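Peer 1: Please find one structure pasted underneath; my questions will follow.
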Amino acid sequence: HANDKGAFFKEAHRILKKGGCIILGDYYKKEGQFTEKEAAILQKWLNAWAIADICSKSEMTNLAVENGLQVAEFRNITPNIKKTATRMYYSSFYLGAVSAMYRIYNPKVSFFADNHYKAMRNQYPALKKGLWGYYFAKFVK
């Protein structure tokens with residue numbers, strides 16, 4: 001979840017040998033424009049995990065190519081993570097209660113430790129609406 005993905009690809013290009021590859025497993029947002037409601041749903045999830053933004057496949061491809069890498073493959077593995085995303089969603093309700101109790105005894109708990117369950121809760125609706133998918137991507141120098 002590098003904030004500057006162009007800088008990430010620039011460094012990957014620098015350290016890879018010719019013909020070397022890098023494989024990333026990551027979230028990719030859907031292509032095209034988001035409605036205001038869709039953007040809000042996605043941002044709620046990203047904010048809870050302190051992720052600045054995620055790219056679409058075309059945005060990631062452009063950043064890789066601009067920095068000297070070629071796309072060898074994008075493999076959609078979203079169906080493989082749906083069961084886990086569903087479990088995380090339902091677990092988040094229990095963890096929200098645990099977090100509230102923990103906060104009573106540890107009032108100085110960090111924002112992200114205290115709100116991690118919210119990311120789990122917000123990830124699933126964004127997935128269900130097709131706002132993001134999980135892919136393996138292979139980039140080659």
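To be explicit about the labels: the chains of the structure tokens are called A, B, and onward in the order shown, and within each one the residues are counted from 1, while ligands get numbers from 1 in the order they are shown.
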May I have all residues of chain A that DSSP, computed from the backbone, assigns to helix (DSSP H, G or I), given as a PyMOL selection string?
Peer 2: chain A and resi 5-15+36-48+57-66+78-105+111-128
Peer 1: Taking a cut-off of 12 Å and counting only C-alpha atoms, can you build a table that, for each residue of range 14-71 of chain A near range 112-135 of chain A, reports the nearest atom pair and how far apart they are in Å (one decimal), sorted by chain then residue number, as JSON lines?
Peer 2:
```
{"residue": "A:Ile23", "atom": "CA", "partner": "A:Tyr135", "partner_atom": "CA", "distance": 10.1}
{"residue": "A:Leu24", "atom": "CA", "partner": "A:Tyr135", "partner_atom": "CA", "distance": 8.0}
{"residue": "A:Gly25", "atom": "CA", "partner": "A:Tyr135", "partner_atom": "CA", "distance": 5.7}
{"residue": "A:Asp26", "atom": "CA", "partner": "A:Tyr134", "partner_atom": "CA", "distance": 5.7}
{"residue": "A:Tyr27", "atom": "CA", "partner": "A:Tyr134", "partner_atom": "CA", "distance": 4.6}
{"residue": "A:Tyr28", "atom": "CA", "partner": "A:Trp132", "partner_atom": "CA", "distance": 5.4}
{"residue": "A:Lys29", "atom": "CA", "partner": "A:Trp132", "partner_atom": "CA", "distance": 4.1}
{"residue": "A:Lys30", "atom": "CA", "partner": "A:Leu131", "partner_atom": "CA", "distance": 5.2}
{"residue": "A:Glu31", "atom": "CA", "partner": "A:Leu131", "partner_atom": "CA", "distance": 8.7}
{"residue": "A:Gly32", "atom": "CA", "partner": "A:Leu131", "partner_atom": "CA", "distance": 10.1}
{"residue": "A:Gln33", "atom": "CA", "partner": "A:Leu131", "partner_atom": "CA", "distance": 10.3}
{"residue": "A:Phe34", "atom": "CA", "partner": "A:Leu131", "partner_atom": "CA", "distance": 8.3}
{"residue": "A:Thr35", "atom": "CA", "partner": "A:Leu131", "partner_atom": "CA", "distance": 10.5}
{"residue": "A:Lys37", "atom": "CA", "partner": "A:Ala126", "partner_atom": "CA", "distance": 10.6}
{"residue": "A:Glu38", "atom": "CA", "partner": "A:Leu131", "partner_atom": "CA", "distance": 7.3}
{"residue": "A:Ala39", "atom": "CA", "partner": "A:Leu131", "partner_atom": "CA", "distance": 8.6}
{"residue": "A:Ala40", "atom": "CA", "partner": "A:Ala126", "partner_atom": "CA", "distance": 9.6}
{"residue": "A:Ile41", "atom": "CA", "partner": "A:Ala126", "partner_atom": "CA", "distance": 6.1}
{"residue": "A:Leu42", "atom": "CA", "partner": "A:Ala126", "partner_atom": "CA", "distance": 5.8}
{"residue": "A:Gln43", "atom": "CA", "partner": "A:Asn122", "partner_atom": "CA", "distance": 9.1}
{"residue": "A:Lys44", "atom": "CA", "partner": "A:Asn122", "partner_atom": "CA", "distance": 6.5}
{"residue": "A:Trp45", "atom": "CA", "partner": "A:Asn122", "partner_atom": "CA", "distance": 4.8}
{"residue": "A:Leu46", "atom": "CA", "partner": "A:Ala119", "partner_atom": "CA", "distance": 7.1}
{"residue": "A:Asn47", "atom": "CA", "partner": "A:Ala119", "partner_atom": "CA", "distance": 7.8}
{"residue": "A:Ala48", "atom": "CA", "partner": "A:Ala119", "partner_atom": "CA", "distance": 4.8}
{"residue": "A:Trp49", "atom": "CA", "partner": "A:Ala119", "partner_atom": "CA", "distance": 5.9}
{"residue": "A:Ala50", "atom": "CA", "partner": "A:Phe112", "partner_atom": "CA", "distance": 7.9}
{"residue": "A:Ile51", "atom": "CA", "partner": "A:Ala119", "partner_atom": "CA", "distance": 10.3}
{"residue": "A:Asp53", "atom": "CA", "partner": "A:Trp132", "partner_atom": "CA", "distance": 11.5}
{"residue": "A:Ile54", "atom": "CA", "partner": "A:Trp132", "partner_atom": "CA", "distance": 8.9}
{"residue": "A:Cys55", "atom": "CA", "partner": "A:Trp132", "partner_atom": "CA", "distance": 9.5}
{"residue": "A:Ser56", "atom": "CA", "partner": "A:Trp132", "partner_atom": "CA", "distance": 8.4}
{"residue": "A:Lys57", "atom": "CA", "partner": "A:Tyr135", "partner_atom": "CA", "distance": 8.9}
{"residue": "A:Met60", "atom": "CA", "partner": "A:Tyr135", "partner_atom": "CA", "distance": 11.6}
```
Peer 1: Identify, with DSSP run on backbone atoms, the residues in range 8-131 of chain A assigned to strand (DSSP E), and express the list as a PDB file with N, CA, C and O atoms, in the first residue's frame.
Peer 2:
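In the end it all went to result_12.pdb:
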```
ATOM      1  N   CYS A  21      11.388 -10.324 -12.139  1.00  0.00           N
ATOM      2  CA  CYS A  21       9.968  -9.983 -11.979  1.00  0.00           C
ATOM      3  C   CYS A  21       9.648  -9.719 -10.515  1.00  0.00           C
ATOM      4  O   CYS A  21      10.377 -10.112  -9.612  1.00  0.00           O
ATOM      5  N   ILE A  22       8.558  -9.037 -10.348  1.00  0.00           N
ATOM      6  CA  ILE A  22       8.005  -8.800  -9.019  1.00  0.00           C
ATOM      7  C   ILE A  22       6.537  -9.197  -9.088  1.00  0.00           C
ATOM      8  O   ILE A  22       5.844  -8.910 -10.072  1.00  0.00           O
ATOM      9  N   ILE A  23       6.095  -9.906  -8.060  1.00  0.00           N
ATOM     10  CA  ILE A  23       4.706 -10.349  -8.005  1.00  0.00           C
ATOM     11  C   ILE A  23       4.062  -9.688  -6.792  1.00  0.00           C
ATOM     12  O   ILE A  23       4.584  -9.760  -5.685  1.00  0.00           O
ATOM     13  N   LEU A  24       2.940  -9.037  -7.037  1.00  0.00           N
ATOM     14  CA  LEU A  24       2.219  -8.331  -5.976  1.00  0.00           C
ATOM     15  C   LEU A  24       0.842  -8.950  -5.790  1.00  0.00           C
ATOM     16  O   LEU A  24       0.144  -9.220  -6.762  1.00  0.00           O
ATOM     17  N   GLY A  25       0.465  -9.155  -4.568  1.00  0.00           N
ATOM     18  CA  GLY A  25      -0.904  -9.506  -4.234  1.00  0.00           C
ATOM     19  C   GLY A  25      -1.503  -8.270  -3.594  1.00  0.00           C
ATOM     20  O   GLY A  25      -0.987  -7.790  -2.589  1.00  0.00           O
ATOM     21  N   ASP A  26      -2.546  -7.734  -4.200  1.00  0.00           N
ATOM     22  CA  ASP A  26      -3.053  -6.463  -3.688  1.00  0.00           C
ATOM     23  C   ASP A  26      -4.508  -6.245  -4.073  1.00  0.00           C
ATOM     24  O   ASP A  26      -5.053  -6.919  -4.939  1.00  0.00           O
ATOM     25  N   TYR A  27      -5.109  -5.268  -3.396  1.00  0.00           N
ATOM     26  CA  TYR A  27      -6.454  -4.803  -3.715  1.00  0.00           C
ATOM     27  C   TYR A  27      -6.360  -3.881  -4.924  1.00  0.00           C
ATOM     28  O   TYR A  27      -5.438  -3.077  -5.029  1.00  0.00           O
ATOM     29  N   TYR A  28      -7.335  -3.971  -5.816  1.00  0.00           N
ATOM     30  CA  TYR A  28      -7.436  -3.054  -6.949  1.00  0.00           C
ATOM     31  C   TYR A  28      -8.876  -2.573  -7.020  1.00  0.00           C
ATOM     32  O   TYR A  28      -9.806  -3.384  -6.982  1.00  0.00           O
ATOM     33  N   LYS A  29      -9.041  -1.260  -7.119  1.00  0.00           N
ATOM     34  CA  LYS A  29     -10.410  -0.756  -7.216  1.00  0.00           C
ATOM     35  C   LYS A  29     -10.927  -0.966  -8.627  1.00  0.00           C
ATOM     36  O   LYS A  29     -10.150  -1.133  -9.572  1.00  0.00           O
ATOM     37  N   GLN A  70       7.009  -4.101 -17.422  1.00  0.00           N
ATOM     38  CA  GLN A  70       5.905  -4.560 -18.262  1.00  0.00           C
ATOM     39  C   GLN A  70       4.992  -5.460 -17.441  1.00  0.00           C
ATOM     40  O   GLN A  70       5.457  -6.189 -16.560  1.00  0.00           O
ATOM     41  N   VAL A  71       3.724  -5.433 -17.761  1.00  0.00           N
ATOM     42  CA  VAL A  71       2.773  -6.300 -17.075  1.00  0.00           C
ATOM     43  C   VAL A  71       2.782  -7.655 -17.763  1.00  0.00           C
ATOM     44  O   VAL A  71       2.552  -7.749 -18.968  1.00  0.00           O
ATOM     45  N   ALA A  72       3.077  -8.689 -17.010  1.00  0.00           N
ATOM     46  CA  ALA A  72       3.069 -10.043 -17.550  1.00  0.00           C
ATOM     47  C   ALA A  72       1.730 -10.727 -17.301  1.00  0.00           C
ATOM     48  O   ALA A  72       1.279 -11.529 -18.106  1.00  0.00           O
ATOM     49  N   GLU A  73       1.090 -10.389 -16.174  1.00  0.00           N
ATOM     50  CA  GLU A  73      -0.161 -11.070 -15.839  1.00  0.00           C
ATOM     51  C   GLU A  73      -0.896 -10.350 -14.707  1.00  0.00           C
ATOM     52  O   GLU A  73      -0.276  -9.800 -13.808  1.00  0.00           O
ATOM     53  N   PHE A  74      -2.204 -10.345 -14.799  1.00  0.00           N
ATOM     54  CA  PHE A  74      -3.087  -9.980 -13.694  1.00  0.00           C
ATOM     55  C   PHE A  74      -3.991 -11.189 -13.488  1.00  0.00           C
ATOM     56  O   PHE A  74      -4.657 -11.620 -14.419  1.00  0.00           O
ATOM     57  N   ARG A  75      -4.002 -11.727 -12.297  1.00  0.00           N
ATOM     58  CA  ARG A  75      -4.850 -12.884 -12.015  1.00  0.00           C
ATOM     59  C   ARG A  75      -5.844 -12.502 -10.921  1.00  0.00           C
ATOM     60  O   ARG A  75      -5.459 -12.183  -9.800  1.00  0.00           O
ATOM     61  N   ASN A  76      -7.114 -12.558 -11.256  1.00  0.00           N
ATOM     62  CA  ASN A  76      -8.170 -12.228 -10.306  1.00  0.00           C
ATOM     63  C   ASN A  76      -8.366 -13.401  -9.352  1.00  0.00           C
ATOM     64  O   ASN A  76      -8.785 -14.476  -9.760  1.00  0.00           O
TER      65      ASN A  76
END
```
